[in-house]
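The file query.pdb contains PDB, C-alpha atoms and all ligand atoms:
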ATOM      1  CA  MET U   1       2.763  11.316  19.162  1.00  0.00           C
ATOM      2  CA  LYS U   2       1.771   8.447  16.913  1.00  0.00           C
ATOM      3  CA  ILE U   3       2.311   9.329  13.274  1.00  0.00           C
ATOM      4  CA  ALA U   4       1.215   7.341  10.217  1.00  0.00           C
ATOM      5  CA  LEU U   5       3.137   7.635   6.944  1.00  0.00           C
ATOM      6  CA  ILE U   6       1.405   6.344   3.833  1.00  0.00           C
ATOM      7  CA  ALA U   7       2.067   6.993   0.155  1.00  0.00           C
ATOM      8  CA  HIS U   8       0.815   5.621  -3.109  1.00  0.00           C
ATOM      9  CA  ASP U   9       3.420   4.372  -5.535  1.00  0.00           C
ATOM     10  CA  ARG U  10       3.971   7.530  -7.556  1.00  0.00           C
ATOM     11  CA  MET U  11       4.112   9.553  -4.332  1.00  0.00           C
ATOM     12  CA  LYS U  12       6.619   7.341  -2.512  1.00  0.00           C
ATOM     13  CA  GLU U  13       9.652   9.320  -3.595  1.00  0.00           C
ATOM     14  CA  THR U  14       8.031  12.471  -2.200  1.00  0.00           C
ATOM     15  CA  MET U  15       7.310  10.646   1.059  1.00  0.00           C
ATOM     16  CA  VAL U  16      10.906   9.454   1.299  1.00  0.00           C
ATOM     17  CA  GLN U  17      12.136  13.015   0.751  1.00  0.00           C
ATOM     18  CA  PHE U  18       9.742  14.220   3.444  1.00  0.00           C
ATOM     19  CA  ALA U  19      11.009  11.573   5.873  1.00  0.00           C
ATOM     20  CA  VAL U  20      14.649  12.371   5.103  1.00  0.00           C
ATOM     21  CA  SER U  21      14.083  16.108   5.509  1.00  0.00           C
ATOM     22  CA  TYR U  22      12.264  15.754   8.824  1.00  0.00           C
ATOM     23  CA  GLU U  23      14.065  12.690  10.149  1.00  0.00           C
ATOM     24  CA  PRO U  24      15.335  14.369  13.352  1.00  0.00           C
ATOM     25  CA  LEU U  25      11.796  15.438  14.179  1.00  0.00           C
ATOM     26  CA  LEU U  26      10.115  12.210  13.111  1.00  0.00           C
ATOM     27  CA  LYS U  27      12.442  10.070  15.174  1.00  0.00           C
ATOM     28  CA  GLN U  28      11.036  11.638  18.349  1.00  0.00           C
ATOM     29  CA  HIS U  29       7.681   9.989  17.629  1.00  0.00           C
ATOM     30  CA  GLN U  30       6.165   6.543  17.220  1.00  0.00           C
ATOM     31  CA  LEU U  31       5.937   5.878  13.516  1.00  0.00           C
ATOM     32  CA  TYR U  32       3.575   3.603  11.622  1.00  0.00           C
ATOM     33  CA  ALA U  33       3.281   2.970   7.897  1.00  0.00           C
ATOM     34  CA  THR U  34       1.731   0.761   5.298  1.00  0.00           C
ATOM     35  CA  GLY U  35       4.061  -1.998   4.137  1.00  0.00           C
ATOM     36  CA  THR U  36       5.890  -0.691   1.110  1.00  0.00           C
ATOM     37  CA  THR U  37       5.940   2.936   2.227  1.00  0.00           C
ATOM     38  CA  GLY U  38       7.524   1.917   5.534  1.00  0.00           C
ATOM     39  CA  LYS U  39      10.061  -0.289   3.786  1.00  0.00           C
ATOM     40  CA  ARG U  40      11.139   2.519   1.459  1.00  0.00           C
ATOM     41  CA  ILE U  41      11.490   5.024   4.307  1.00  0.00           C
ATOM     42  CA  MET U  42      13.474   2.624   6.472  1.00  0.00           C
ATOM     43  CA  GLU U  43      15.812   1.894   3.553  1.00  0.00           C
ATOM     44  CA  GLU U  44      16.617   5.585   3.185  1.00  0.00           C
ATOM     45  CA  THR U  45      16.625   6.772   6.801  1.00  0.00           C
ATOM     46  CA  CYS U  46      17.540   5.488  10.255  1.00  0.00           C
ATOM     47  CA  LEU U  47      13.903   5.701  11.371  1.00  0.00           C
ATOM     48  CA  THR U  48      12.219   2.766  13.077  1.00  0.00           C
ATOM     49  CA  ILE U  49       8.715   2.248  11.755  1.00  0.00           C
ATOM     50  CA  HIS U  50       6.021  -0.219  12.684  1.00  0.00           C
ATOM     51  CA  ARG U  51       4.994  -1.568   9.316  1.00  0.00           C
ATOM     52  CA  TYR U  52       1.520  -2.844   8.637  1.00  0.00           C
ATOM     53  CA  LEU U  53       0.428  -4.741   5.536  1.00  0.00           C
ATOM     54  CA  SER U  54       0.680  -3.141   2.138  1.00  0.00           C
ATOM     55  CA  GLY U  55      -2.240  -0.811   1.442  1.00  0.00           C
ATOM     56  CA  PRO U  56      -4.029  -2.960  -1.158  1.00  0.00           C
ATOM     57  CA  LEU U  57      -3.731  -5.959   1.190  1.00  0.00           C
ATOM     58  CA  GLY U  58      -5.332  -4.221   4.157  1.00  0.00           C
ATOM     59  CA  GLY U  59      -2.687  -1.837   5.521  1.00  0.00           C
ATOM     60  CA  ASP U  60      -4.988   1.176   5.307  1.00  0.00           C
ATOM     61  CA  GLN U  61      -7.570  -0.716   7.311  1.00  0.00           C
ATOM     62  CA  GLN U  62      -5.006  -1.687   9.944  1.00  0.00           C
ATOM     63  CA  ILE U  63      -4.054   1.960  10.385  1.00  0.00           C
ATOM     64  CA  GLY U  64      -7.775   2.742  10.239  1.00  0.00           C
ATOM     65  CA  ALA U  65      -8.269   0.461  13.237  1.00  0.00           C
ATOM     66  CA  MET U  66      -5.886   2.652  15.236  1.00  0.00           C
ATOM     67  CA  VAL U  67      -7.696   5.751  13.985  1.00  0.00           C
ATOM     68  CA  ALA U  68     -11.020   4.232  15.035  1.00  0.00           C
ATOM     69  CA  GLN U  69      -9.630   3.957  18.581  1.00  0.00           C
ATOM     70  CA  ASN U  70      -8.460   7.584  18.288  1.00  0.00           C
ATOM     71  CA  GLU U  71      -4.900   6.383  18.788  1.00  0.00           C
ATOM     72  CA  MET U  72      -3.261   8.031  15.782  1.00  0.00           C
ATOM     73  CA  ASP U  73      -2.260  11.677  16.216  1.00  0.00           C
ATOM     74  CA  PHE U  74      -1.225  12.690  12.723  1.00  0.00           C
ATOM     75  CA  ILE U  75      -1.505  11.044   9.319  1.00  0.00           C
ATOM     76  CA  ALA U  76       0.609  11.952   6.307  1.00  0.00           C
ATOM     77  CA  PHE U  77      -1.117  10.179   3.436  1.00  0.00           C
ATOM     78  CA  PHE U  78       0.270  11.188   0.076  1.00  0.00           C
ATOM     79  CA  ARG U  79      -2.453   9.938  -2.226  1.00  0.00           C
ATOM     80  CA  ASP U  80      -1.984   9.716  -5.964  1.00  0.00           C
ATOM     81  CA  PRO U  81      -4.538  12.213  -7.282  1.00  0.00           C
ATOM     82  CA  LEU U  82      -4.203  10.937 -10.839  1.00  0.00           C
ATOM     83  CA  ALA U  83      -4.598   7.175 -10.469  1.00  0.00           C
ATOM     84  CA  ALA U  84      -7.490   5.026  -9.283  1.00  0.00           C
ATOM     85  CA  GLN U  85      -6.612   2.539  -6.537  1.00  0.00           C
ATOM     86  CA  PRO U  86      -8.097  -0.955  -6.287  1.00  0.00           C
ATOM     87  CA  HIS U  87      -8.610  -0.428  -2.554  1.00  0.00           C
ATOM     88  CA  GLU U  88     -10.298   2.980  -2.825  1.00  0.00           C
ATOM     89  CA  PRO U  89     -12.981   2.015  -0.257  1.00  0.00           C
ATOM     90  CA  ASP U  90     -10.258   1.335   2.327  1.00  0.00           C
ATOM     91  CA  ILE U  91      -8.675   4.715   1.640  1.00  0.00           C
ATOM     92  CA  LEU U  92     -11.978   6.545   1.995  1.00  0.00           C
ATOM     93  CA  ALA U  93     -12.746   4.644   5.193  1.00  0.00           C
ATOM     94  CA  LEU U  94      -9.442   5.687   6.720  1.00  0.00           C
ATOM     95  CA  LEU U  95      -9.987   9.339   5.813  1.00  0.00           C
ATOM     96  CA  ARG U  96     -13.568   9.239   7.053  1.00  0.00           C
ATOM     97  CA  LEU U  97     -12.489   7.867  10.434  1.00  0.00           C
ATOM     98  CA  ALA U  98      -9.836  10.570  10.694  1.00  0.00           C
ATOM     99  CA  ASP U  99     -12.620  13.136  10.291  1.00  0.00           C
ATOM    100  CA  VAL U 100     -14.768  11.313  12.834  1.00  0.00           C
ATOM    101  CA  HIS U 101     -12.003  11.737  15.398  1.00  0.00           C
ATOM    102  CA  ASN U 102     -10.720  15.141  14.242  1.00  0.00           C
ATOM    103  CA  ILE U 103      -7.281  13.736  13.482  1.00  0.00           C
ATOM    104  CA  PRO U 104      -5.007  15.955  11.355  1.00  0.00           C
ATOM    105  CA  VAL U 105      -4.390  14.486   7.899  1.00  0.00           C
ATOM    106  CA  ALA U 106      -1.986  15.780   5.252  1.00  0.00           C
ATOM    107  CA  THR U 107      -2.658  14.464   1.775  1.00  0.00           C
ATOM    108  CA  ASN U 108       0.194  16.340   0.130  1.00  0.00           C
ATOM    109  CA  LEU U 109       3.721  17.470   0.910  1.00  0.00           C
ATOM    110  CA  ALA U 110       2.893  21.146   1.455  1.00  0.00           C
ATOM    111  CA  THR U 111       0.331  20.333   4.142  1.00  0.00           C
ATOM    112  CA  ALA U 112       2.541  17.700   5.729  1.00  0.00           C
ATOM    113  CA  GLU U 113       5.353  20.236   6.120  1.00  0.00           C
ATOM    114  CA  VAL U 114       3.032  22.735   7.796  1.00  0.00           C
ATOM    115  CA  LEU U 115       1.667  20.118  10.171  1.00  0.00           C
ATOM    116  CA  ILE U 116       4.985  18.554  11.097  1.00  0.00           C
ATOM    117  CA  ARG U 117       6.297  22.000  11.999  1.00  0.00           C
ATOM    118  CA  SER U 118       3.142  22.526  14.043  1.00  0.00           C
ATOM    119  CA  ILE U 119       3.906  19.352  15.959  1.00  0.00           C
ATOM    120  CA  GLU U 120       7.409  20.666  16.637  1.00  0.00           C
ATOM    121  CA  GLN U 121       5.893  23.876  18.035  1.00  0.00           C
ATOM    122  CA  GLY U 122       3.522  21.923  20.262  1.00  0.00           C
ATOM    123  CA  ASP U 123       0.386  22.947  18.369  1.00  0.00           C
ATOM    124  CA  LEU U 124      -0.943  19.392  18.578  1.00  0.00           C
ATOM    125  CA  ALA U 125      -0.239  18.976  22.277  1.00  0.00           C
ATOM    126  CA  TRP U 126      -4.017  18.828  22.817  1.00  0.00           C
ATOM    127  CA  ARG U 127      -3.886  15.352  21.299  1.00  0.00           C
ATOM    128  CA  LYS U 128      -2.182  14.138  24.499  1.00  0.00           C
ATOM    129  CA  MET U 129      -5.317  15.059  26.446  1.00  0.00           C
ATOM    130  CA  ILE U 130      -7.397  12.876  24.120  1.00  0.00           C
ATOM    131  CA  HIS U 131      -5.444   9.821  25.192  1.00  0.00           C
ATOM    132  CA  GLY U 132      -6.562  10.296  28.772  1.00  0.00           C
ATOM    133  CA  HIS U 133     -10.210  10.430  27.724  1.00  0.00           C
ATOM    134  CA  ARG U 134     -10.482   7.933  24.901  1.00  0.00           C
ATOM    135  CA  ARG U 135     -13.971   7.222  23.695  1.00  0.00           C
ATOM    136  CA  VAL U 136     -14.697   3.600  22.960  1.00  0.00           C
ATOM    137  CA  ASP U 137     -18.490   3.685  22.616  1.00  0.00           C
TER     138      ASP U 137
HETATM  139  O1  LIG T 201      -1.738   1.670  -0.918  1.00  0.00           O
HETATM  140  C1  LIG T 201      -1.329   2.355  -0.032  1.00  0.00           C
HETATM  141  C2  LIG T 201      -2.203   3.301   0.673  1.00  0.00           C
HETATM  142  O2  LIG T 201      -3.529   3.269   0.221  1.00  0.00           O
HETATM  143  C3  LIG T 201       0.079   2.295   0.384  1.00  0.00           C
HETATM  144  O3  LIG T 201       0.490   0.969   0.548  1.00  0.00           O
HETATM  145  P1  LIG T 201       2.019   0.600   0.446  1.00  0.00           P
HETATM  146  O4  LIG T 201       2.751   1.512   1.363  1.00  0.00           O
HETATM  147  O5  LIG T 201       2.134  -0.806   0.868  1.00  0.00           O
HETATM  148  O6  LIG T 201       2.407   0.792  -0.992  1.00  0.00           O
END
Please re-express this file's structure in structure tokens.
Amino acid sequence: MKIALIAHDRMKETMVQFAVSYEPLLKQHQLYATGTTGKRIMEETCLTIHRYLSGPLGGDQQIGAMVAQNEMDFIAFFRDPLAAQPHEPDILALLRLADVHNIPVATNLATAEVLIRSIEQGDLAWRKMIHGHRRVD
């Protein structure tokens, strides 16, 4: 599975704790992150993560490009619910595309924990079928 890990600044510590807690599970998957989130996680775990640009510089859009191709299987995006972001349109675009392609998104720790355990149980195995029938039109 391809998993994206993204967190706004005040949520990064929570994301790091999530990654540390589920490191054995996460390391079985291909991981992607926006720039600073990926850097923080890699500093605190042994996970290998493909890092895109920082969110405000286009990282959300780069992950969004994968989502647009229906290539991302799960997104953990810990948004800061109490602070406006300069790149809000990019964030909304990413979430909109995830809905277009019915891609599971967790915007907080509680949901991320439920979904990551679902992945472990094979509940998202149907995503593998999608890859054989990718829509490009
Ligand atoms: O801004 C972000 C997501 O919208 C996250 O970007 P960074 O991981 O680079 O801080």
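Near ligand LIG 201 (chain T), the residues found within 8 Å are Ile6, Ala7, His8, Asp9, Lys12, Ala33, Thr34, Gly35, Thr36, Thr37, Gly38, Lys39, Leu53, Ser54, Gly55, Pro56, Leu57, Gly59, Asp60, Phe77, Arg79, Gln85, His87, Glu88, Asp90 and Ile91 of chain U (criterion computed using all atoms listed in the file).
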**OP:** Considering only C-alpha atoms, state which residue in the set U:Phe18, U:Pro24, U:Ala83, U:Tyr52 is at the smallest distance from Val114 of chain U.
**Re:**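 Ranked by minimum distance to Val114 of chain U, first place goes to U:Phe18.
Atom CA of Phe74 of chain U is found 11.1 Å from atom CA of His101 of chain U.
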Subject >> Two-atom distance - atom CA of Arg117 of chain U, atom CA of His131 of chain U (Å) >> reply: 21.5 Å
Subject >> Among the residues U:Glu44, U:Gln62, U:Ile75, U:Asn108, the one that comes closest to Met11 of chain U [using only C-alpha atoms] >> reply: U:Asn108
Original post:
In terms of the shortest atom-to-atom distance over all atoms listed in the file, which of U:Val67, U:Val16, U:Leu82, U:Ile49 is closest to Val105 of chain U?
Top reply: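 Once distances to Val105 of chain U are computed over all atoms listed in the file, the minimum belongs to U:Val67.
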When the PyMOL selection byres (((chain U and resi 25) around 12) and not hetatm) is applied to the structure above, which residues does it catch, written out as an mmCIF file with C-alpha atoms, in the frame of the given file?
data_model
loop_
_atom_site.group_PDB
_atom_site.id
_atom_site.type_symbol
_atom_site.label_atom_id
_atom_site.label_comp_id
_atom_site.auth_asym_id
_atom_site.auth_seq_id
_atom_site.Cartn_x
_atom_site.Cartn_y
_atom_site.Cartn_z
ATOM 1 C CA MET U 1 2.763 11.316 19.162
ATOM 2 C CA ILE U 3 2.311 9.329 13.274
ATOM 3 C CA PHE U 18 9.742 14.220 3.444
ATOM 4 C CA ALA U 19 11.009 11.573 5.873
ATOM 5 C CA VAL U 20 14.649 12.371 5.103
ATOM 6 C CA SER U 21 14.083 16.108 5.509
ATOM 7 C CA TYR U 22 12.264 15.754 8.824
ATOM 8 C CA GLU U 23 14.065 12.690 10.149
ATOM 9 C CA PRO U 24 15.335 14.369 13.352
ATOM 10 C CA LEU U 26 10.115 12.210 13.111
ATOM 11 C CA LYS U 27 12.442 10.070 15.174
ATOM 12 C CA GLN U 28 11.036 11.638 18.349
ATOM 13 C CA HIS U 29 7.681 9.989 17.629
ATOM 14 C CA GLN U 30 6.165 6.543 17.220
ATOM 15 C CA LEU U 31 5.937 5.878 13.516
ATOM 16 C CA LEU U 47 13.903 5.701 11.371
ATOM 17 C CA GLU U 113 5.353 20.236 6.120
ATOM 18 C CA LEU U 115 1.667 20.118 10.171
ATOM 19 C CA ILE U 116 4.985 18.554 11.097
ATOM 20 C CA ARG U 117 6.297 22.000 11.999
ATOM 21 C CA SER U 118 3.142 22.526 14.043
ATOM 22 C CA ILE U 119 3.906 19.352 15.959
ATOM 23 C CA GLU U 120 7.409 20.666 16.637
ATOM 24 C CA GLN U 121 5.893 23.876 18.035
#
